[in-house]
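Novice: Let me give you the structure first, and then I'll get to my questions.
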Amino acid sequence: MTQISIKDQIKKLVDLQKIDAEIYTVQIGLTENPAVIEELKRKFEATKAHLNELEEKFKSVQLKRKELELEMKAKEDDIAKANTQLTQLKTNKEYTTKLNEIASIKADKSIIEEKILLSYDETDAIQAEISKEKVAVGTGEKQYLARKKEIEDDIKLMEDRIKVLESQRKQLLPGVDRTLLNRYEKVLAHKDGLGIVPLNGNSCGGCNMNVPPQTINAIKMHDQLIECEKCLRIMYLEDDL
């Protein structure tokens with residue numbers, strides 16, 4: 001260890017940190033971007049689902065109308081049958097009863113006709129909403145696919161950048177003492193991609209904790225790596241390098 005220049009090793013760790021900081025940032029992007037794509041997909045699928053709901057509602061109203069039309073046809077048949085029976089009746093009481101029956105059937109038929117007319121208004125309104133939603137879905141799909149491709153292209157660039165950075169990192173490693181490298185990487189793995197930080201005045205550049213004068217003096221001595229008491233990051237003075 002006595003043959004190692006701590007100051008020289010700190011310089012090498014600082015150079016390594018620049019690469020590692022960028023690797024950390026790029027890796028965050030690689031982690032977050034797939035989630036962004038999933039969120040875009042979720043929103044687009046929600047728009048499509050709404051369109052599907054409208055189309056199913058349109059079919060349901062049409063089906064209900066057909067059922068009403070069949071019901072109305074049955075009422076018309078009942079009226080025709082009752083009218084035929086009317087001519088065969090012999091007493092005024094039977095005749096009056098049959099007329100009341102026919103009137104009741106016609107009243108039911110009138111209600112069914114009103115429901116059928118309302119169903120046409122409803123399908124027209126739904127059809128208009130479907131047409132509007134189809135335009136929105138078409139526009140949304142184009143926007144989703146375009147944004148998805150942009151993000152996928154960014155991911156590819158990030159992956160390529162990671163390869164370049166890892167190659168640069170490997171070139172620096174031979175010059176760093178293994179023991180010191182292990183200390184640095186142990187901190188790096190748990191401290192948001194920052195294993196070694198400069199002092200900002202009298203504060204740690206990683207956690208902003210105040211650094212005592214004696215600790216600053218120890219850093220200036222370059223006898224050993226000095227870590228922050230709070231965040232455990234290795235500290236250095238930029239002016240000393």
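Chain labels run A, B, ... following the order of the structure tokens; each chain numbers its residues from 1, and ligands are numbered from 1 in the order shown.
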I'd like the neighbourhood of A:Lys66 as a list in words, where a residue qualifies if any of its atoms comes within 10 Å (using only C-alpha atoms), though same-chain residues fewer than 6 positions away should be ignored.
Specialist: Ser60, Met72 and Ile116 of chain A
Novice: Compile the contact shell of A:Gln62 as a ChimeraX atom specification: residues with an atom at most 10 Å away, counting only C-alpha atoms, same-chain residues fewer than 2 positions apart removed.
Specialist: /A:56-60,64-68,116,119-120,122-123
Novice: Could you turn the residues from that selection into a file that holds C-alpha atoms, as a CSV table (one decimal), in the first residue's frame?
Specialist:
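Writing done, so here's again-v9.csv:
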chain,number,residue,atom,x,y,z
A,56,GLU,CA,-71.3,-3.0,-28.2
A,57,LYS,CA,-73.9,-0.5,-26.9
A,58,PHE,CA,-74.9,0.2,-30.5
A,59,LYS,CA,-75.4,-3.5,-31.2
A,60,SER,CA,-77.4,-3.9,-28.0
A,64,LYS,CA,-83.5,-4.5,-28.5
A,65,ARG,CA,-85.2,-2.7,-31.3
A,66,LYS,CA,-85.5,-6.0,-33.3
A,67,GLU,CA,-87.1,-7.5,-30.2
A,68,LEU,CA,-89.5,-4.6,-30.0
A,116,ILE,CA,-88.8,1.9,-31.3
A,119,SER,CA,-84.2,3.5,-30.1
A,120,TYR,CA,-83.6,5.1,-33.5
A,122,GLU,CA,-80.4,6.5,-29.4
A,123,THR,CA,-78.6,4.6,-32.2
Novice: Return the single residue from A:Leu117, A:Ile112, A:Leu181, A:Leu145 that is closest to A:Leu13, with distances computed using only C-alpha atoms.
Specialist: A:Leu181
Novice: Using only C-alpha atoms, which residues sit within 10 Å of stretch 199-214 of chain A once same-chain residues fewer than 2 positions away are excluded, as a list in words?
Specialist: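 That gives Lys191, Asp192, Leu194, Gly195, Ile196, Val197, Ile216, Asn217, Ala218, Ile219, Lys220, Glu227, Cys228, Glu229, Lys230, Cys231, Leu232, Arg233, Ile234, Met235, Tyr236, Leu237, Glu238 and Asp239 of chain A.
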Novice: Filtering to N, CA and C atoms, could you give me those residues as a PDB file, in the first residue's frame?
Specialist:
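Okay, result_24.pdb is ready:
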ATOM      1  N   LYS A 191     -25.246   4.363  -3.506  1.00  0.00           N
ATOM      2  CA  LYS A 191     -25.348   5.811  -3.326  1.00  0.00           C
ATOM      3  C   LYS A 191     -25.658   6.548  -4.625  1.00  0.00           C
ATOM      4  N   ASP A 192     -26.657   6.063  -5.333  1.00  0.00           N
ATOM      5  CA  ASP A 192     -27.164   6.761  -6.527  1.00  0.00           C
ATOM      6  C   ASP A 192     -26.076   7.073  -7.555  1.00  0.00           C
ATOM      7  N   LEU A 194     -22.941   7.620  -7.169  1.00  0.00           N
ATOM      8  CA  LEU A 194     -21.852   8.520  -6.754  1.00  0.00           C
ATOM      9  C   LEU A 194     -21.046   7.854  -5.641  1.00  0.00           C
ATOM     10  N   GLY A 195     -19.827   7.452  -5.982  1.00  0.00           N
ATOM     11  CA  GLY A 195     -18.964   6.808  -5.002  1.00  0.00           C
ATOM     12  C   GLY A 195     -17.904   7.734  -4.475  1.00  0.00           C
ATOM     13  N   ILE A 196     -17.552   8.740  -5.267  1.00  0.00           N
ATOM     14  CA  ILE A 196     -16.541   9.717  -4.851  1.00  0.00           C
ATOM     15  C   ILE A 196     -17.034  11.104  -5.254  1.00  0.00           C
ATOM     16  N   VAL A 197     -16.969  12.050  -4.317  1.00  0.00           N
ATOM     17  CA  VAL A 197     -17.530  13.380  -4.561  1.00  0.00           C
ATOM     18  C   VAL A 197     -16.569  14.457  -4.082  1.00  0.00           C
ATOM     19  N   ILE A 216     -11.080  17.725   6.677  1.00  0.00           N
ATOM     20  CA  ILE A 216     -10.591  18.378   5.456  1.00  0.00           C
ATOM     21  C   ILE A 216      -9.068  18.314   5.405  1.00  0.00           C
ATOM     22  N   ASN A 217      -8.422  18.514   6.538  1.00  0.00           N
ATOM     23  CA  ASN A 217      -6.959  18.413   6.604  1.00  0.00           C
ATOM     24  C   ASN A 217      -6.499  16.999   6.266  1.00  0.00           C
ATOM     25  N   ALA A 218      -7.249  16.015   6.734  1.00  0.00           N
ATOM     26  CA  ALA A 218      -6.900  14.626   6.442  1.00  0.00           C
ATOM     27  C   ALA A 218      -7.009  14.342   4.952  1.00  0.00           C
ATOM     28  N   ILE A 219      -8.004  14.946   4.317  1.00  0.00           N
ATOM     29  CA  ILE A 219      -8.155  14.773   2.862  1.00  0.00           C
ATOM     30  C   ILE A 219      -6.950  15.364   2.137  1.00  0.00           C
ATOM     31  N   LYS A 220      -6.495  16.522   2.611  1.00  0.00           N
ATOM     32  CA  LYS A 220      -5.359  17.198   1.985  1.00  0.00           C
ATOM     33  C   LYS A 220      -4.057  16.416   2.147  1.00  0.00           C
ATOM     34  N   GLU A 227     -13.766   9.080   3.881  1.00  0.00           N
ATOM     35  CA  GLU A 227     -15.183   8.951   3.567  1.00  0.00           C
ATOM     36  C   GLU A 227     -16.024   9.896   4.420  1.00  0.00           C
ATOM     37  N   CYS A 228     -17.141  10.337   3.890  1.00  0.00           N
ATOM     38  CA  CYS A 228     -18.087  11.163   4.640  1.00  0.00           C
ATOM     39  C   CYS A 228     -18.686  10.322   5.762  1.00  0.00           C
ATOM     40  N   GLU A 229     -18.781  10.902   6.942  1.00  0.00           N
ATOM     41  CA  GLU A 229     -19.310  10.168   8.100  1.00  0.00           C
ATOM     42  C   GLU A 229     -20.788   9.824   7.923  1.00  0.00           C
ATOM     43  N   LYS A 230     -21.496  10.633   7.124  1.00  0.00           N
ATOM     44  CA  LYS A 230     -22.943  10.427   6.961  1.00  0.00           C
ATOM     45  C   LYS A 230     -23.265   9.496   5.793  1.00  0.00           C
ATOM     46  N   CYS A 231     -22.782   9.842   4.596  1.00  0.00           N
ATOM     47  CA  CYS A 231     -23.175   9.064   3.412  1.00  0.00           C
ATOM     48  C   CYS A 231     -22.121   8.044   2.977  1.00  0.00           C
ATOM     49  N   LEU A 232     -20.941   8.074   3.599  1.00  0.00           N
ATOM     50  CA  LEU A 232     -19.859   7.120   3.343  1.00  0.00           C
ATOM     51  C   LEU A 232     -19.215   7.249   1.963  1.00  0.00           C
ATOM     52  N   ARG A 233     -19.547   8.315   1.243  1.00  0.00           N
ATOM     53  CA  ARG A 233     -18.896   8.529  -0.041  1.00  0.00           C
ATOM     54  C   ARG A 233     -17.467   9.020   0.191  1.00  0.00           C
ATOM     55  N   ILE A 234     -16.590   8.627  -0.709  1.00  0.00           N
ATOM     56  CA  ILE A 234     -15.200   9.101  -0.647  1.00  0.00           C
ATOM     57  C   ILE A 234     -15.188  10.585  -1.032  1.00  0.00           C
ATOM     58  N   MET A 235     -14.424  11.391  -0.320  1.00  0.00           N
ATOM     59  CA  MET A 235     -14.396  12.826  -0.596  1.00  0.00           C
ATOM     60  C   MET A 235     -12.997  13.240  -1.083  1.00  0.00           C
ATOM     61  N   TYR A 236     -12.973  14.301  -1.889  1.00  0.00           N
ATOM     62  CA  TYR A 236     -11.696  14.834  -2.368  1.00  0.00           C
ATOM     63  C   TYR A 236     -11.830  16.341  -2.596  1.00  0.00           C
ATOM     64  N   LEU A 237     -10.701  17.007  -2.703  1.00  0.00           N
ATOM     65  CA  LEU A 237     -10.673  18.435  -3.013  1.00  0.00           C
ATOM     66  C   LEU A 237     -10.275  18.624  -4.466  1.00  0.00           C
ATOM     67  N   GLU A 238     -11.155  19.270  -5.225  1.00  0.00           N
ATOM     68  CA  GLU A 238     -10.879  19.452  -6.654  1.00  0.00           C
ATOM     69  C   GLU A 238      -9.601  20.251  -6.887  1.00  0.00           C
ATOM     70  N   ASP A 239      -9.363  21.240  -6.046  1.00  0.00           N
ATOM     71  CA  ASP A 239      -8.183  22.111  -6.243  1.00  0.00           C
ATOM     72  C   ASP A 239      -6.879  21.356  -6.009  1.00  0.00           C
TER      73      ASP A 239
END
Novice: Rounded to one decimal, what separation in Å do you get between atom CA of A:Glu166 and atom CA of A:Ile23?
Specialist: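 Atom CA of A:Ile23 lies at a distance of 8.0 Å from atom CA of A:Glu166.
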Novice: Skipping near chain neighbours, those fewer than 3 positions away, what residues fall within 10 Å of A:Asp177 using only C-alpha atoms, listed as a ChimeraX atom specification?
Specialist: /A:1,4-6,9,12-13,173-174,180-182
Novice: Would you put the residues from that selection into a file with N, CA and C atoms, as a short mmCIF file (atom, residue, chain, number, x, y, z; two decimals), in the first residue's frame?
Specialist:
data_model
loop_
_atom_site.label_atom_id
_atom_site.label_comp_id
_atom_site.auth_asym_id
_atom_site.auth_seq_id
_atom_site.Cartn_x
_atom_site.Cartn_y
_atom_site.Cartn_z
N MET A 1 0.82 -1.20 0.00
CA MET A 1 0.00 0.00 0.00
C MET A 1 0.86 1.26 0.00
N ILE A 4 1.52 3.00 -3.24
CA ILE A 4 0.41 3.59 -3.98
C ILE A 4 0.31 5.09 -3.68
N SER A 5 0.20 5.88 -4.72
CA SER A 5 -0.02 7.31 -4.55
C SER A 5 -1.53 7.54 -4.43
N ILE A 6 -1.99 7.90 -3.23
CA ILE A 6 -3.42 8.10 -3.00
C ILE A 6 -3.95 9.22 -3.90
N GLN A 9 -4.42 7.86 -7.25
CA GLN A 9 -5.57 6.95 -7.26
C GLN A 9 -6.90 7.72 -7.22
N LYS A 12 -7.70 8.89 -10.63
CA LYS A 12 -8.23 7.79 -11.44
C LYS A 12 -9.69 7.48 -11.06
N LEU A 13 -9.97 7.52 -9.77
CA LEU A 13 -11.34 7.27 -9.31
C LEU A 13 -12.30 8.37 -9.78
N LEU A 173 -9.76 0.70 -15.55
CA LEU A 173 -9.65 -0.19 -14.39
C LEU A 173 -8.23 -0.66 -14.07
N PRO A 174 -7.43 -1.01 -15.07
CA PRO A 174 -6.08 -1.52 -14.74
C PRO A 174 -5.23 -0.55 -13.92
N LEU A 180 -8.74 -0.26 -3.35
CA LEU A 180 -9.42 1.04 -3.38
C LEU A 180 -10.64 0.99 -4.31
N LEU A 181 -10.48 0.26 -5.41
CA LEU A 181 -11.60 0.11 -6.35
C LEU A 181 -12.79 -0.58 -5.68
N ASN A 182 -12.50 -1.59 -4.90
CA ASN A 182 -13.57 -2.31 -4.20
C ASN A 182 -14.31 -1.39 -3.24
#
Novice: Quick one: pull the distance between atom CA of A:Val164 and atom CA of A:Ile10, Å, one decimal.
Specialist: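 Result for atom CA of A:Val164 versus atom CA of A:Ile10: 22.9 Å, one decimal.
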